[in-house]
file structure.txt (compact mmCIF, C-alpha atoms and all ligand atoms)
# COMPACT_ATOMS: atom_id res chain seq x y z
CA MET A 1 -2.36 -1.15 -20.00
CA SER A 2 0.04 -4.01 -20.46
CA THR A 3 0.92 -6.12 -17.47
CA GLY A 4 4.50 -6.29 -18.71
CA THR A 5 6.59 -9.41 -18.71
CA ILE A 6 8.30 -11.54 -16.13
CA ALA A 7 11.78 -10.32 -15.23
CA ARG A 8 14.56 -12.23 -13.48
CA PHE A 9 17.17 -10.77 -11.14
CA ASP A 10 20.18 -12.75 -9.92
CA THR A 11 21.77 -11.67 -6.65
CA THR A 12 25.48 -11.83 -5.93
CA GLY A 13 24.63 -14.57 -3.41
CA GLY A 14 23.16 -16.79 -6.18
CA VAL A 15 19.51 -16.22 -5.32
CA ARG A 16 17.06 -16.01 -8.24
CA ILE A 17 14.26 -13.47 -8.00
CA TYR A 18 11.39 -13.37 -10.46
CA ARG A 19 9.07 -10.41 -10.77
CA ILE A 20 5.65 -11.44 -12.09
CA PRO A 21 3.38 -8.47 -12.92
CA ILE A 22 -0.28 -9.43 -12.71
CA ARG A 23 -3.48 -7.47 -13.29
CA THR A 24 -5.11 -7.25 -9.89
CA PHE A 25 -7.88 -4.80 -10.85
CA PRO A 26 -8.91 -3.46 -14.27
CA GLN A 27 -6.72 -0.37 -13.79
CA LEU A 28 -4.01 -1.85 -11.58
CA VAL A 29 -0.98 -4.09 -12.10
CA THR A 30 0.76 -5.48 -9.01
CA ASN A 31 4.16 -7.19 -8.89
CA ILE A 32 4.37 -10.60 -7.27
CA HIS A 33 7.90 -11.83 -6.48
CA VAL A 34 9.17 -15.39 -6.32
CA VAL A 35 12.49 -15.87 -4.51
CA ILE A 36 14.41 -19.11 -5.06
CA ALA A 37 17.51 -20.01 -3.04
CA ASP A 38 18.35 -23.70 -3.48
CA ASP A 39 15.27 -25.51 -2.15
CA TYR A 40 13.89 -22.46 -0.32
CA VAL A 41 11.11 -20.81 -2.33
CA ALA A 42 9.19 -17.76 -1.14
CA LEU A 43 6.23 -15.97 -2.66
CA ILE A 44 6.02 -12.27 -1.88
CA ASP A 45 2.39 -11.09 -2.16
CA THR A 46 -0.51 -12.90 -3.79
CA GLY A 47 -2.55 -10.49 -5.95
CA SER A 48 -6.17 -9.45 -5.41
CA GLY A 49 -7.96 -12.81 -5.54
CA LEU A 50 -10.09 -11.69 -8.51
CA GLU A 51 -10.31 -14.36 -11.19
CA GLU A 52 -8.00 -12.61 -13.66
CA SER A 53 -5.45 -12.00 -10.90
CA ASN A 54 -5.43 -15.67 -9.86
CA GLN A 55 -5.19 -16.79 -13.48
CA GLN A 56 -2.24 -14.52 -14.16
CA LEU A 57 -0.45 -15.67 -11.02
CA GLN A 58 -0.92 -19.29 -12.10
CA ALA A 59 0.20 -18.43 -15.65
CA GLY A 60 3.28 -16.74 -14.18
CA LEU A 61 4.29 -19.90 -12.31
CA THR A 62 3.71 -21.96 -15.44
CA ALA A 63 5.93 -19.56 -17.38
CA LEU A 64 8.72 -19.96 -14.80
CA ASN A 65 8.70 -23.66 -15.63
CA GLU A 66 8.22 -23.45 -19.38
CA GLN A 67 10.20 -20.35 -20.29
CA TRP A 68 12.68 -19.82 -17.47
CA GLY A 69 13.82 -23.38 -16.87
CA GLU A 70 12.63 -23.65 -13.29
CA SER A 71 11.15 -26.83 -11.92
CA LEU A 72 8.65 -25.36 -9.56
CA ALA A 73 5.36 -26.67 -8.18
CA TRP A 74 3.07 -25.07 -5.59
CA ALA A 75 4.22 -27.75 -3.11
CA ASP A 76 7.79 -26.35 -3.31
CA PHE A 77 6.87 -23.05 -1.66
CA LYS A 78 8.25 -22.78 1.87
CA ARG A 79 6.94 -19.32 2.68
CA ILE A 80 4.28 -16.77 1.74
CA ILE A 81 4.96 -13.16 2.75
CA ILE A 82 2.33 -10.43 2.68
CA THR A 83 4.10 -7.05 2.46
CA HIS A 84 1.03 -5.16 3.70
CA SER A 85 -2.69 -5.66 4.06
CA HIS A 86 -3.98 -3.94 0.94
CA ILE A 87 -6.30 -6.10 -1.11
CA ASP A 88 -4.12 -6.09 -4.27
CA HIS A 89 -1.39 -7.79 -2.20
CA TYR A 90 -3.24 -10.15 0.16
CA GLY A 91 -6.54 -10.83 -1.68
CA GLY A 92 -5.09 -13.89 -3.46
CA LEU A 93 -4.21 -15.65 -0.19
CA GLY A 94 -7.28 -17.89 -0.38
CA PHE A 95 -6.31 -19.04 -3.88
CA VAL A 96 -2.64 -19.52 -2.95
CA SER A 97 -3.50 -21.37 0.27
CA SER A 98 -5.69 -23.78 -1.68
CA HIS A 99 -2.50 -24.91 -3.50
CA THR A 100 0.17 -24.77 -0.79
CA ASN A 101 0.46 -25.16 2.97
CA ALA A 102 3.43 -22.81 3.10
CA PRO A 103 3.27 -20.69 6.27
CA VAL A 104 2.09 -17.09 5.85
CA ALA A 105 3.97 -14.14 7.36
CA VAL A 106 2.63 -10.62 7.89
CA HIS A 107 3.56 -7.69 10.16
CA GLU A 108 1.92 -7.60 13.59
CA LEU A 109 -0.08 -4.43 12.76
CA ASP A 110 -1.60 -5.93 9.59
CA ARG A 111 -2.36 -9.35 11.03
CA ARG A 112 -5.87 -8.38 12.15
CA VAL A 113 -6.93 -7.55 8.59
CA LEU A 114 -6.18 -11.14 7.56
CA VAL A 115 -7.37 -13.06 10.61
CA ASN A 116 -10.35 -10.91 11.51
CA HIS A 117 -11.32 -9.54 8.17
CA GLN A 118 -15.03 -8.95 8.67
CA GLU A 119 -14.56 -6.99 11.89
CA ARG A 120 -11.81 -4.90 10.34
CA LEU A 121 -14.01 -4.12 7.33
CA VAL A 122 -16.89 -2.96 9.54
CA LEU A 123 -14.67 -0.72 11.68
CA ALA A 124 -12.69 0.66 8.73
CA SER A 125 -15.94 1.43 6.88
CA ARG A 126 -17.28 3.27 9.91
CA ALA A 127 -14.11 5.36 10.18
CA LEU A 128 -14.16 6.09 6.45
CA SER A 129 -17.79 7.18 6.61
CA ALA A 130 -16.98 9.70 9.35
CA PHE A 131 -13.98 10.94 7.36
CA LEU A 132 -16.08 11.49 4.23
CA TRP A 133 -18.64 13.58 6.14
CA ARG A 134 -15.77 15.57 7.64
CA ALA A 135 -14.33 16.05 4.14
CA GLY A 136 -17.60 17.63 2.97
CA VAL A 137 -18.79 15.17 0.29
CA SER A 138 -22.46 15.19 -0.73
CA GLU A 139 -24.86 12.50 0.46
CA ASP A 140 -24.96 10.88 -3.01
CA SER A 141 -21.24 10.86 -3.31
CA HIS A 142 -20.91 9.42 0.22
CA THR A 143 -23.13 6.45 -0.74
CA THR A 144 -21.21 5.80 -3.97
CA LEU A 145 -17.78 6.02 -2.35
CA MET A 146 -18.74 3.76 0.57
CA SER A 147 -20.08 1.00 -1.68
CA MET A 148 -16.98 1.26 -3.87
CA TYR A 149 -14.78 0.86 -0.80
CA ALA A 150 -16.57 -2.26 0.41
CA TRP A 151 -16.92 -3.96 -2.98
CA SER A 152 -13.45 -5.39 -3.52
CA LYS A 153 -12.96 -6.36 0.12
CA GLY A 154 -16.22 -8.22 0.63
CA MET A 155 -14.94 -11.37 -1.07
CA PHE A 156 -12.01 -12.12 1.21
CA ARG A 157 -12.38 -14.72 3.97
CA SER A 158 -10.23 -14.61 7.10
CA ILE A 159 -7.20 -16.87 7.09
CA ASP A 160 -4.71 -18.18 9.68
CA ILE A 161 -1.33 -16.54 9.96
CA SER A 162 1.67 -18.62 11.10
CA THR A 163 4.32 -15.96 11.47
CA VAL A 164 3.94 -12.46 12.85
CA LEU A 165 6.66 -10.07 11.72
CA HIS A 166 8.28 -7.35 13.82
CA ASP A 167 10.69 -4.60 12.95
CA GLY A 168 14.26 -5.95 12.82
CA ASP A 169 13.30 -9.63 12.50
CA LEU A 170 15.35 -11.89 10.25
CA LEU A 171 12.77 -14.08 8.51
CA ASP A 172 13.88 -17.58 7.47
CA ASP A 173 17.54 -16.44 7.65
CA MET A 174 16.78 -14.64 4.38
CA PHE A 175 14.92 -11.37 4.83
CA ARG A 176 15.63 -8.51 7.23
CA ILE A 177 12.30 -6.88 8.11
CA TYR A 178 11.90 -3.10 8.21
CA HIS A 179 8.60 -1.81 9.54
CA THR A 180 7.74 1.21 7.37
CA PRO A 181 4.26 2.48 8.31
CA GLY A 182 2.61 5.41 6.53
CA HIS A 183 1.09 3.87 3.40
CA CYS A 184 -0.31 0.99 5.50
CA PRO A 185 0.00 0.34 9.28
CA GLY A 186 1.88 -2.95 8.88
CA GLN A 187 3.81 -2.09 5.73
CA VAL A 188 7.18 -3.84 5.65
CA CYS A 189 10.20 -3.67 3.39
CA LEU A 190 12.35 -6.80 3.12
CA GLN A 191 16.10 -6.66 2.67
CA MET A 192 17.98 -9.55 1.14
CA GLY A 193 21.66 -8.63 0.69
CA ASP A 194 21.84 -5.59 -1.57
CA VAL A 195 18.24 -6.05 -2.77
CA LEU A 196 15.28 -4.38 -1.07
CA PHE A 197 11.69 -5.46 -1.64
CA SER A 198 10.20 -2.01 -1.14
CA ALA A 199 6.56 -3.10 -1.60
CA ASP A 200 4.27 -0.04 -1.78
CA HIS A 201 6.49 2.04 0.50
CA ILE A 202 8.67 3.28 -2.36
CA LEU A 203 7.56 3.10 -5.98
CA TRP A 204 9.50 3.88 -9.14
CA ARG A 205 7.26 6.63 -10.55
CA THR A 206 4.14 7.10 -8.40
CA SER A 207 4.24 8.73 -5.01
CA PRO A 208 2.60 6.02 -2.83
CA HIS A 209 -0.87 6.83 -1.56
CA ILE A 210 -1.06 8.14 2.01
CA SER A 211 -4.27 8.37 4.02
CA PRO A 212 -4.77 10.19 7.36
CA GLU A 213 -3.74 8.58 10.64
CA SER A 214 -7.05 9.80 12.07
CA LEU A 215 -8.62 7.26 9.70
CA THR A 216 -6.16 4.43 10.42
CA PRO A 217 -3.54 4.70 13.18
CA TRP A 218 0.06 4.31 11.86
CA ASN A 219 -0.91 5.74 8.48
CA GLY A 220 -0.36 9.39 7.72
CA LEU A 221 2.34 11.64 6.38
CA ASP A 222 4.40 11.92 9.56
CA HIS A 223 4.84 8.14 9.84
CA TYR A 224 5.53 7.98 6.12
CA PHE A 225 8.31 10.59 6.25
CA GLN A 226 9.92 8.74 9.17
CA SER A 227 9.72 5.47 7.24
CA LEU A 228 11.32 7.06 4.16
CA ARG A 229 14.23 8.25 6.31
CA LYS A 230 14.52 4.81 7.89
CA ILE A 231 15.03 3.18 4.50
CA ALA A 232 17.32 5.99 3.29
CA ALA A 233 19.63 5.04 6.18
CA VAL A 234 19.93 1.39 5.08
CA PRO A 235 23.36 1.15 3.41
CA ASN A 236 24.35 -0.57 0.16
CA ILE A 237 20.98 -1.19 -1.50
CA CYS A 238 21.66 -1.57 -5.24
CA LEU A 239 18.19 -2.57 -6.36
CA ALA A 240 14.70 -2.01 -5.01
CA LEU A 241 11.86 -4.19 -6.30
CA ALA A 242 8.50 -2.60 -5.62
CA GLY A 243 4.91 -3.78 -5.43
CA HIS A 244 4.06 -1.89 -8.62
CA GLU A 245 5.94 -0.44 -11.58
CA GLN A 246 9.61 -0.80 -12.45
CA PRO A 247 12.72 -1.66 -10.40
CA ILE A 248 14.46 1.26 -8.70
CA GLU A 249 18.24 1.42 -9.12
CA THR A 250 18.89 4.72 -7.36
CA LEU A 251 16.84 4.29 -4.21
CA ASN A 252 17.99 7.34 -2.26
CA GLU A 253 17.36 9.66 -5.23
CA ARG A 254 13.87 8.23 -5.49
CA ILE A 255 13.27 8.72 -1.75
CA ALA A 256 14.39 12.36 -2.03
CA ALA A 257 12.07 12.90 -5.02
CA ILE A 258 9.08 11.44 -3.17
CA GLU A 259 9.77 13.58 -0.12
CA GLN A 260 10.00 16.64 -2.34
CA SER A 261 6.70 15.87 -4.06
CA HIS A 262 4.98 15.79 -0.66
CA GLN A 263 6.61 19.08 0.32
CA HIS A 264 5.26 20.63 -2.90
CA LYS A 265 1.81 19.27 -2.11
CA LEU A 266 1.94 20.76 1.39
CA GLU A 267 2.98 24.15 -0.04
CA ARG A 268 0.26 24.01 -2.68
CA ILE A 269 -2.37 23.30 0.00
CA LEU A 270 -1.17 26.24 2.08
CA ASP A 271 -1.39 28.45 -1.02
CA ILE A 272 -4.92 27.32 -1.88
CA CYS A 273 -5.99 27.70 1.76
CA THR A 274 -5.41 31.43 1.62
CA GLU A 275 -9.18 31.13 1.09
CA PRO A 276 -11.02 28.60 3.34
CA HIS A 277 -11.48 25.15 1.72
CA THR A 278 -12.97 21.83 2.77
CA ILE A 279 -11.02 18.63 2.05
CA LYS A 280 -13.46 17.90 -0.79
CA ASP A 281 -12.98 21.34 -2.38
CA LEU A 282 -9.21 21.09 -2.09
CA SER A 283 -9.25 17.64 -3.60
CA ARG A 284 -11.28 18.90 -6.58
CA GLU A 285 -8.88 21.77 -7.10
CA MET A 286 -5.77 19.60 -6.89
CA TYR A 287 -7.03 16.52 -8.76
CA ALA A 288 -9.41 17.55 -11.51
CA LYS A 289 -11.00 14.92 -13.76
CA LEU A 290 -10.89 11.95 -11.42
CA ASP A 291 -13.40 9.15 -11.43
CA GLY A 292 -14.19 5.92 -9.60
CA TYR A 293 -11.90 4.78 -6.81
CA ASN A 294 -9.44 7.59 -7.60
CA ILE A 295 -11.87 10.11 -6.08
CA LEU A 296 -11.58 8.24 -2.77
CA LEU A 297 -7.79 8.08 -3.06
CA ALA A 298 -7.59 11.83 -3.76
CA LEU A 299 -9.82 12.72 -0.80
CA THR A 300 -7.80 10.61 1.65
CA GLU A 301 -4.47 11.82 0.20
CA VAL A 302 -5.53 15.46 0.64
CA GLY A 303 -6.91 14.54 4.09
CA ALA A 304 -3.47 13.21 5.09
CA HIS A 305 -1.74 16.43 4.03
CA ILE A 306 -4.34 18.61 5.75
CA GLU A 307 -3.88 16.53 8.90
CA TYR A 308 -0.09 17.00 8.78
CA LEU A 309 -0.42 20.80 8.46
CA ASP A 310 -3.22 21.02 11.01
CA GLN A 311 -1.20 19.00 13.57
CA ARG A 312 1.54 21.61 13.21
CA GLY A 313 -0.79 24.57 13.66
CA GLU A 314 -0.31 25.80 10.09
CA LEU A 315 -4.02 25.61 9.33
CA ALA A 316 -7.06 26.69 11.32
CA ILE A 317 -10.77 26.00 10.90
CA ALA A 318 -12.46 29.08 9.47
CA ASN A 319 -16.05 27.98 10.25
CA LEU A 320 -15.43 26.75 13.80
CA ASP A 321 -18.79 27.96 15.20
CA GLU A 322 -20.71 25.95 12.58
CA VAL A 323 -18.51 22.89 13.14
CA ALA A 324 -19.04 23.14 16.91
CA ALA A 325 -22.82 23.33 16.43
CA ASP A 326 -23.27 20.46 13.94
CA GLN A 327 -21.13 17.33 13.54
CA ARG A 328 -22.07 16.99 9.87
CA ILE A 329 -20.60 20.38 8.93
CA ALA A 330 -17.26 19.98 7.18
CA PRO A 331 -14.39 22.09 8.51
CA GLN A 332 -13.07 24.71 6.12
CA TYR A 333 -9.33 25.06 6.52
CA ARG A 334 -7.55 28.38 6.28
CA ARG A 335 -3.85 29.13 6.34
CA VAL A 336 -2.76 30.64 9.65
ZN ZN A 401 -0.69 -0.64 -0.88
ZN ZN A 402 -0.41 -2.01 -4.01

call {"tool": "encode", "arguments": {"input": "structure.txt", "output": "structure tokens", "more": "lines below"}}
Ligand SMILES: [Zn+2]
Ligand SMILES: [Zn+2]
result
Amino acid sequence: MSTGTIARFDTTGGVRIYRIPIRTFPQLVTNIHVVIADDYVALIDTGSGLEESNQQLQAGLTALNEQWGESLAWADFKRIIITHSHIDHYGGLGFVSSHTNAPVAVHELDRRVLVNHQERLVLASRALSAFLWRAGVSEDSHTTLMSMYAWSKGMFRSIDISTVLHDGDLLDDMFRIYHTPGHCPGQVCLQMGDVLFSADHILWRTSPHISPESLTPWNGLDHYFQSLRKIAAVPNICLALAGHEQPIETLNERIAAIEQSHQHKLERILDICTEPHTIKDLSREMYAKLDGYNILLALTEVGAHIEYLDQRGELAIANLDEVAADQRIAPQYRRV
């Protein structure tokens, strides 16, 4: 997979935006954005903090100087913004903060992940463990998935946050903040004129991953749908720059397509649940041939859709007596 090349976007207001794609994990490329308006320079997201990610971020800044004619040093940054507290976006904060004292901004609901990382990891792991039992995974698979979950996050050290973002804020007279929970509790999109930094809320090709709100409050499909509609109502966006993949030029068409893909998934689950299925069985049926971290993503994605249907009374638990008798028994969901 190629990380792609740096791209530059010039706004009508004379602001220069650079998109720097960097490899944050062996199978993942994340876009970092640098925004330059006169002597104001902002860095949007920081990569994963893995060595290759840090190296590529540094190489990106060097390229801005050598190939794009910028005169930019770490000391010039006035602001670091974390769009949401997923490791491929905030993990590089330690590296970045060793080069610049620029104040860091993050939404109020994602602040705790950065300032109280160890506690958050313990509690999130506990919630994930309970979810995996409820999903019906085997004991072996439970052990593998839990260690995979903890691996990438164990390296991060808590860091101070200067600026806590809220929905509707205008940050640095530059960015209007939209709180768009669903993919992550403190997910924000940033509007600058007719450009939207859509982060992982809206991606060009992939339907962003959604996990259940029973696992993490403010996640889940219901919040996500509301956040899609919130952004669809923002007028005059000509370009959306996302946390992964390509720029989006027709944002509302993309939003409609993502909504439709979730509706199809919900219908497919109802079809499959004509016969009772656990979350694990459904996930196997819907996402064959997955390995590694993708197994975890598929289980939580299916879990979010099951939760949405269950909340609306469209599913019922077929083995309720067993579930009532033993907490380790996974519910089997059947269409009502
Ligand atoms: Zn994310
Ligand atoms: Zn991401």

call {"tool": "residues_near_ligand", "arguments": {"input": "structure.txt", "ligand": "ligand ZN 401 (chain A)", "cutoff": "10 Å", "atoms": "all atoms listed in the file", "output": "number ranges by chain"}}
result
A: 30, 83-90, 183-184, 187, 199-201, 208-210, 243-244

call {"tool": "closest_residue", "arguments": {"input": "structure.txt", "among": "A:Leu309, A:Ile32, A:Leu50, A:Leu266", "to": "ligand ZN 402 (chain A)", "atoms": "all atoms listed in the file"}}
result
A:Ile32

call {"tool": "residues_near_point", "arguments": {"input": "structure.txt", "point": "(-8.1, -19.7, 1.7)", "cutoff": "9 Å", "atoms": "all atoms listed in the file", "output": "ChimeraX atom specification"}}
result
/A:92-98,156-160

call {"tool": "write_last_selection", "arguments": {"input": "structure.txt", "atoms": "C-alpha atoms", "output": "short mmCIF file (atom, residue, chain, number, x, y, z; two decimals), keeping the file's coordinate frame"}}
result
data_model
loop_
_atom_site.label_atom_id
_atom_site.label_comp_id
_atom_site.auth_asym_id
_atom_site.auth_seq_id
_atom_site.Cartn_x
_atom_site.Cartn_y
_atom_site.Cartn_z
CA GLY A 92 -5.09 -13.89 -3.46
CA LEU A 93 -4.21 -15.65 -0.19
CA GLY A 94 -7.28 -17.89 -0.38
CA PHE A 95 -6.31 -19.04 -3.88
CA VAL A 96 -2.64 -19.52 -2.95
CA SER A 97 -3.50 -21.37 0.27
CA SER A 98 -5.69 -23.78 -1.68
CA PHE A 156 -12.01 -12.12 1.21
CA ARG A 157 -12.38 -14.72 3.97
CA SER A 158 -10.23 -14.61 7.10
CA ILE A 159 -7.20 -16.87 7.09
CA ASP A 160 -4.71 -18.18 9.68
#

call {"tool": "residues_around", "arguments": {"input": "structure.txt", "residues": "Asp291 of chain A", "least_positions_apart": "5", "cutoff": "12 Å", "atoms": "all atoms listed in the file", "output": "PyMOL selection string"}}
result
chain A and resi 27+141+144-145+148+284+296-299

call {"tool": "write_last_selection", "arguments": {"input": "structure.txt", "atoms": "C-alpha atoms", "output": "PDB file, keeping the file's coordinate frame"}}
result
ATOM      1  CA  GLN A  27      -6.720  -0.370 -13.790  1.00  0.00           C
ATOM      2  CA  SER A 141     -21.240  10.860  -3.310  1.00  0.00           C
ATOM      3  CA  THR A 144     -21.210   5.800  -3.970  1.00  0.00           C
ATOM      4  CA  LEU A 145     -17.780   6.020  -2.350  1.00  0.00           C
ATOM      5  CA  MET A 148     -16.980   1.260  -3.870  1.00  0.00           C
ATOM      6  CA  ARG A 284     -11.280  18.900  -6.580  1.00  0.00           C
ATOM      7  CA  LEU A 296     -11.580   8.240  -2.770  1.00  0.00           C
ATOM      8  CA  LEU A 297      -7.790   8.080  -3.060  1.00  0.00           C
ATOM      9  CA  ALA A 298      -7.590  11.830  -3.760  1.00  0.00           C
ATOM     10  CA  LEU A 299      -9.820  12.720  -0.800  1.00  0.00           C
TER      11      LEU A 299
END

call {"tool": "atom_distance", "arguments": {"input": "structure.txt", "atom1": "atom CA of Arg229 of chain A", "atom2": "atom CA of Ile177 of chain A"}}
result
15.4 Å

call {"tool": "atom_distance", "arguments": {"input": "structure.txt", "atom1": "atom CA of Gln56 of chain A", "atom2": "atom CA of Leu239 of chain A"}}
result
24.9 Å

call {"tool": "axis_aligned_box", "arguments": {"input": "structure.txt", "around": "segment 7-17 of chain A", "padding_each_side": "3 Å", "output": "JSON"}}
result
{"center_x": 18.6, "center_y": -13.6, "center_z": -9.3, "size_x": 19.7, "size_y": 12.5, "size_z": 17.8}

call {"tool": "decode", "arguments": {"input": "structure.txt", "residues": "segment 195-212 of chain A", "atoms": "N, CA and C atoms", "output": "mmCIF file, in the first residue's frame"}}
result
data_model
loop_
_atom_site.group_PDB
_atom_site.id
_atom_site.type_symbol
_atom_site.label_atom_id
_atom_site.label_comp_id
_atom_site.auth_asym_id
_atom_site.auth_seq_id
_atom_site.Cartn_x
_atom_site.Cartn_y
_atom_site.Cartn_z
ATOM 1 N N VAL A 195 -14.177 24.740 3.526
ATOM 2 C CA VAL A 195 -13.456 23.462 3.704
ATOM 3 C C VAL A 195 -13.860 22.840 5.042
ATOM 4 N N LEU A 196 -14.103 21.534 5.020
ATOM 5 C CA LEU A 196 -14.396 20.816 6.258
ATOM 6 C C LEU A 196 -13.320 19.752 6.482
ATOM 7 N N PHE A 197 -12.712 19.769 7.653
ATOM 8 C CA PHE A 197 -11.848 18.657 8.041
ATOM 9 C C PHE A 197 -12.779 17.624 8.687
ATOM 10 N N SER A 198 -13.061 16.570 7.941
ATOM 11 C CA SER A 198 -14.119 15.640 8.386
ATOM 12 C C SER A 198 -13.562 14.515 9.251
ATOM 13 N N ALA A 199 -12.225 14.479 9.423
ATOM 14 C CA ALA A 199 -11.585 13.484 10.292
ATOM 15 C C ALA A 199 -12.067 12.077 9.948
ATOM 16 N N ASP A 200 -12.412 11.263 10.937
ATOM 17 C CA ASP A 200 -12.892 9.900 10.635
ATOM 18 C C ASP A 200 -14.418 9.844 10.643
ATOM 19 N N HIS A 201 -15.063 11.007 10.728
ATOM 20 C CA HIS A 201 -16.535 10.996 10.715
ATOM 21 C C HIS A 201 -17.068 10.657 9.327
ATOM 22 N N ILE A 202 -16.440 11.218 8.305
ATOM 23 C CA ILE A 202 -16.876 10.942 6.931
ATOM 24 C C ILE A 202 -15.632 10.678 6.087
ATOM 25 N N LEU A 203 -15.559 9.483 5.525
ATOM 26 C CA LEU A 203 -14.423 9.103 4.689
ATOM 27 C C LEU A 203 -14.877 8.948 3.237
ATOM 28 N N TRP A 204 -13.910 9.046 2.352
ATOM 29 C CA TRP A 204 -14.173 9.068 0.909
ATOM 30 C C TRP A 204 -14.771 7.737 0.392
ATOM 31 N N ARG A 205 -14.211 6.620 0.857
ATOM 32 C CA ARG A 205 -14.634 5.322 0.323
ATOM 33 C C ARG A 205 -15.179 4.402 1.419
ATOM 34 N N THR A 206 -14.474 4.358 2.552
ATOM 35 C CA THR A 206 -14.834 3.426 3.621
ATOM 36 C C THR A 206 -15.952 4.020 4.472
ATOM 37 N N SER A 207 -16.851 3.161 4.896
ATOM 38 C CA SER A 207 -17.857 3.582 5.869
ATOM 39 C C SER A 207 -17.175 3.530 7.246
ATOM 40 N N PRO A 208 -17.041 4.679 7.935
ATOM 41 C CA PRO A 208 -16.258 4.692 9.189
ATOM 42 C C PRO A 208 -16.752 3.659 10.200
ATOM 43 N N HIS A 209 -15.801 3.111 10.942
ATOM 44 C CA HIS A 209 -16.131 2.058 11.896
ATOM 45 C C HIS A 209 -16.975 2.605 13.048
ATOM 46 N N ILE A 210 -18.013 1.860 13.406
ATOM 47 C CA ILE A 210 -18.884 2.244 14.518
ATOM 48 C C ILE A 210 -18.903 1.097 15.524
ATOM 49 N N SER A 211 -18.696 1.410 16.791
ATOM 50 C CA SER A 211 -18.804 0.383 17.830
ATOM 51 C C SER A 211 -19.996 0.716 18.735
ATOM 52 N N PRO A 212 -20.457 -0.238 19.538
ATOM 53 C CA PRO A 212 -21.692 -0.028 20.308
ATOM 54 C C PRO A 212 -21.544 1.051 21.388
#
